[in-house]
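J.: Have a look at this one.
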Amino acid sequence: GWGARGVIAAPTHITYEMRVTGRPAHAGIEPEKGINAIRVAAEIIAAVPDGRIDKETTANIGMITGGTATNVVPKEVILHGEVRGHDTSGLKRIRDDIFRQARAIAGKRKARVRITEDQEYRSFRIDERDRFLGFVKDIFLTCGISPEFVITGGGSDANIFNARGIRAINISNGMQNVHSTDEFIEIKDLERGSQIVLSVIEHFAELSGKEKRQRGKTSSPAGLCSFPFQRCIRSGICDRTRGRVCIRS
């Protein structure tokens, strides 16, 4: 992505492990007695959904380990894969299809497959009319940058924060050719990112100073808000002032 991008939606990420178990045998003397776990795993990999499934859903098997020696029909293979999606129901359909096909193929080949899964994080999507995005947009414009809000297939700490009710977006650091040996970041994008971070710090410092000045003027409930700034942005409702003028506005 480019440094002028802000990620306002990211997917749910499910990872899984498939442990395919066959039957070991001597490959040169009695291979007929064996069940080749590598061949079973290969059939599973070839059959299950992979790559971009639709606009918002992807699947991938990224790791495979197994076998002990060339003269042994391999007993066990372990596959590690993932499914990502913005739509939870669609994501679960793909996951269930992968697991169903894996079990069916293993059963057909008289092998066994044990599957475990873990949800790494949940999806989030922030409405472009959200007040928080207005705050972020102002920061970009202060830096002379025209922001572009995008949807991504990657995950980050922003998923965790949003799942816990804290508004957060990713501001791109300008990575290109991501997760490849040709990955790089241009110096101008590093400089741009630093400028944005400094602007955020300056903006919150200004808010803090405004609060201190207000604290000296009034101690009424309509004065200094005791709730964190993030909560104001998140809810859009001031619980402290009950509709009266908020000093943060």
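Ordered as shown in the structure tokens, chains take letters A, B, and onward, while each chain numbers its residues from 1 and ligands are numbered from 1 in the order shown.
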Write out as number ranges by chain all residues of stretch 73-171 of chain A that backbone DSSP assigns to helix (DSSP H, G or I).
T.: A: 88-108, 131-142, 157-163
J.: Which polymer residues have any atom within 7 Å of an atom of A:Cys143, counting only C-alpha atoms, with same-chain residues fewer than 4 positions away left out, as a list in words?
T.: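 With the cut-off at 7 Å, the set is Ile139, Gln195 and Ile196 of chain A.
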J.: Could you please take those selected residues and save N, CA and C atoms as a CSV table (one decimal), in the first residue's frame?
T.:
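Produced file part19.csv, reproduced below:
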chain,number,residue,atom,x,y,z
A,139,ILE,N,-6.0,15.1,10.1
A,139,ILE,CA,-4.5,14.9,10.3
A,139,ILE,C,-3.8,14.7,8.9
A,195,GLN,N,5.8,12.2,9.4
A,195,GLN,CA,5.1,13.4,9.5
A,195,GLN,C,3.7,13.2,10.0
A,196,ILE,N,3.0,12.2,9.6
A,196,ILE,CA,1.7,11.9,10.1
A,196,ILE,C,1.7,11.6,11.6
J.: Please, which residues in stretch 99-121 of chain A fall within 6 Å of stretch 17-31 of chain A when counting only C-alpha atoms, and what is the closest atom pair and distance in Å to one decimal for each, ordered by chain then residue number, as a tab-separated table?
T.:
residue	atom	partner	partner_atom	distance
A:Ala111	CA	A:Gly22	CA	4.8
A:Arg112	CA	A:Thr21	CA	5.1
A:Val113	CA	A:Val20	CA	4.4
A:Arg114	CA	A:Arg19	CA	5.1
A:Ile115	CA	A:Met18	CA	4.6
A:Thr116	CA	A:Glu17	CA	5.4
J.: Just N, CA and C atoms for this one: save the residues we selected as a PDB file, in the first residue's frame.
T.:
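Final file, result_39.pdb:
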ATOM      1  N   ALA A 111      -7.092 -43.202   5.331  1.00  0.00           N
ATOM      2  CA  ALA A 111      -6.201 -42.448   6.219  1.00  0.00           C
ATOM      3  C   ALA A 111      -7.061 -41.714   7.249  1.00  0.00           C
ATOM      4  N   ARG A 112      -6.420 -41.017   8.156  1.00  0.00           N
ATOM      5  CA  ARG A 112      -7.134 -40.212   9.146  1.00  0.00           C
ATOM      6  C   ARG A 112      -6.661 -38.766   9.035  1.00  0.00           C
ATOM      7  N   VAL A 113      -7.540 -37.843   9.382  1.00  0.00           N
ATOM      8  CA  VAL A 113      -7.149 -36.433   9.424  1.00  0.00           C
ATOM      9  C   VAL A 113      -7.725 -35.810  10.689  1.00  0.00           C
ATOM     10  N   ARG A 114      -6.881 -35.137  11.432  1.00  0.00           N
ATOM     11  CA  ARG A 114      -7.310 -34.418  12.642  1.00  0.00           C
ATOM     12  C   ARG A 114      -7.097 -32.935  12.395  1.00  0.00           C
ATOM     13  N   ILE A 115      -8.160 -32.153  12.583  1.00  0.00           N
ATOM     14  CA  ILE A 115      -8.119 -30.726  12.253  1.00  0.00           C
ATOM     15  C   ILE A 115      -8.341 -29.898  13.513  1.00  0.00           C
ATOM     16  N   THR A 116      -7.472 -28.928  13.728  1.00  0.00           N
ATOM     17  CA  THR A 116      -7.660 -27.939  14.792  1.00  0.00           C
ATOM     18  C   THR A 116      -7.637 -26.560  14.157  1.00  0.00           C
TER      19      THR A 116
END
J.: Can you work out the spacing between atom CA of A:Lys33 and atom CA of A:Thr70 in Å, to one decimal?
T.: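 A separation of 15.8 Å between them.
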J.: Just the number, please: distance in Å from atom CA of A:Asn177 to atom CA of A:Ser156, one decimal.
T.: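 Atom CA of A:Ser156 lies at a distance of 17.7 Å from atom CA of A:Asn177.
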J.: Measure the distance from atom CA of A:Val197 to atom CA of A:Ser180 in Å and round it to one decimal.
T.: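 Here the two named atoms are 26.7 Å from each other.
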J.: So which one's closest to A:Ile45, A:Ile98, A:Asp87, A:Arg5, A:Glu32? Using only C-alpha atoms, please.
T.: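 For A:Ile45, the nearest of the candidates is A:Ile98.
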J.: I need the strand (DSSP E or B) residues of stretch 103-238 of chain A per DSSP on the backbone, written as a ChimeraX atom specification.
T.: /A:112-121,124-125,148-151,170-171,176,184
J.: So that I can see what lies close to stretch 94-97 of chain A, please list as a list in words the residues with an atom at most 8 Å from it, counting only C-alpha atoms and leaving out residues fewer than 5 positions away in the same chain.
T.: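 Selected residues are Val48, Pro49 and Val83 of chain A.
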J.: Skipping near chain neighbours, those fewer than 3 positions away, what residues fall within 8 Å of A:Met63 using only C-alpha atoms, listed as a PyMOL selection string?
T.: chain A and resi 79-81
J.: Excluding A:Val77 and residues on its chain fewer than 6 positions from it, collect all residues at most 8 Å away from it, counting only C-alpha atoms, and give them as a list in words.
T.: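 So the residues in contact are Arg19, Val20, Thr21, Ala37, Ile38, Ala41, Ile64, Thr65, Gly66 and Gly67 of chain A.
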J.: Okay, now the selection with C-alpha atoms, as a PDB file, in the first residue's frame?
T.:
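The result, written out as selection-v9.pdb:
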ATOM      1  CA  ARG A  19      -2.645 -33.691  10.677  1.00  0.00           C
ATOM      2  CA  VAL A  20      -2.954 -36.424   8.023  1.00  0.00           C
ATOM      3  CA  THR A  21      -2.073 -39.904   9.293  1.00  0.00           C
ATOM      4  CA  ALA A  37       0.211 -39.654   3.993  1.00  0.00           C
ATOM      5  CA  ILE A  38       1.997 -37.339   1.549  1.00  0.00           C
ATOM      6  CA  ALA A  41      -2.242 -34.615   1.746  1.00  0.00           C
ATOM      7  CA  ILE A  64       3.605 -28.629   4.801  1.00  0.00           C
ATOM      8  CA  THR A  65       5.872 -30.983   6.733  1.00  0.00           C
ATOM      9  CA  GLY A  66       6.111 -34.753   6.780  1.00  0.00           C
ATOM     10  CA  GLY A  67       7.976 -37.934   5.984  1.00  0.00           C
TER      11      GLY A  67
END
J.: Do a neighbour search on A:Thr88 at 12 Å with only C-alpha atoms, toss out local chain neighbours closer than 3 positions, and write the hits as number ranges by chain.
T.: A: 10-14, 56-57, 83-85, 91-95, 119, 121-124
J.: Next, write the just-selected residues to a file, as a PDB file, in the first residue's frame, keeping C-alpha atoms as the atom set.
T.:
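Produced file result.pdb, reproduced below:
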ATOM      1  CA  ALA A  10      -9.995  -5.808   7.547  1.00  0.00           C
ATOM      2  CA  PRO A  11     -11.063  -9.475   7.584  1.00  0.00           C
ATOM      3  CA  THR A  12     -11.588 -12.183  10.146  1.00  0.00           C
ATOM      4  CA  HIS A  13      -8.590 -14.539  10.072  1.00  0.00           C
ATOM      5  CA  ILE A  14      -8.895 -18.263  10.834  1.00  0.00           C
ATOM      6  CA  GLU A  56     -13.729 -10.480   0.202  1.00  0.00           C
ATOM      7  CA  THR A  57     -12.586 -14.064   0.900  1.00  0.00           C
ATOM      8  CA  VAL A  83      -9.045 -18.592   5.544  1.00  0.00           C
ATOM      9  CA  ARG A  84      -9.774 -14.854   5.600  1.00  0.00           C
ATOM     10  CA  GLY A  85     -13.018 -13.037   4.954  1.00  0.00           C
ATOM     11  CA  LEU A  91     -15.871 -17.290   5.615  1.00  0.00           C
ATOM     12  CA  LYS A  92     -17.366 -20.164   7.611  1.00  0.00           C
ATOM     13  CA  ARG A  93     -18.825 -21.752   4.475  1.00  0.00           C
ATOM     14  CA  ILE A  94     -15.379 -21.866   2.864  1.00  0.00           C
ATOM     15  CA  ARG A  95     -13.796 -23.184   6.062  1.00  0.00           C
ATOM     16  CA  GLN A 119      -9.493 -17.483  15.119  1.00  0.00           C
ATOM     17  CA  TYR A 121      -8.734 -11.934  15.044  1.00  0.00           C
ATOM     18  CA  ARG A 122     -12.166 -10.626  14.019  1.00  0.00           C
ATOM     19  CA  SER A 123     -13.035  -8.414  11.091  1.00  0.00           C
ATOM     20  CA  PHE A 124     -13.869  -4.732  11.436  1.00  0.00           C
TER      21      PHE A 124
END
J.: Could you give me, as a tab-separated table, every stretch 39-143 of chain A residue with an atom at most 12 Å from stretch 201-209 of chain A, plus its closest atom pair and distance in Å to one decimal, counting only C-alpha atoms, rows ordered by chain then number?
T.:
residue	atom	partner	partner_atom	distance
A:Phe135	CA	A:His203	CA	9.8
A:Val136	CA	A:His203	CA	10.7
A:Asp138	CA	A:His203	CA	9.9
A:Ile139	CA	A:His203	CA	8.1
A:Phe140	CA	A:His203	CA	11.7
A:Thr142	CA	A:His203	CA	10.0
A:Cys143	CA	A:Glu202	CA	11.8
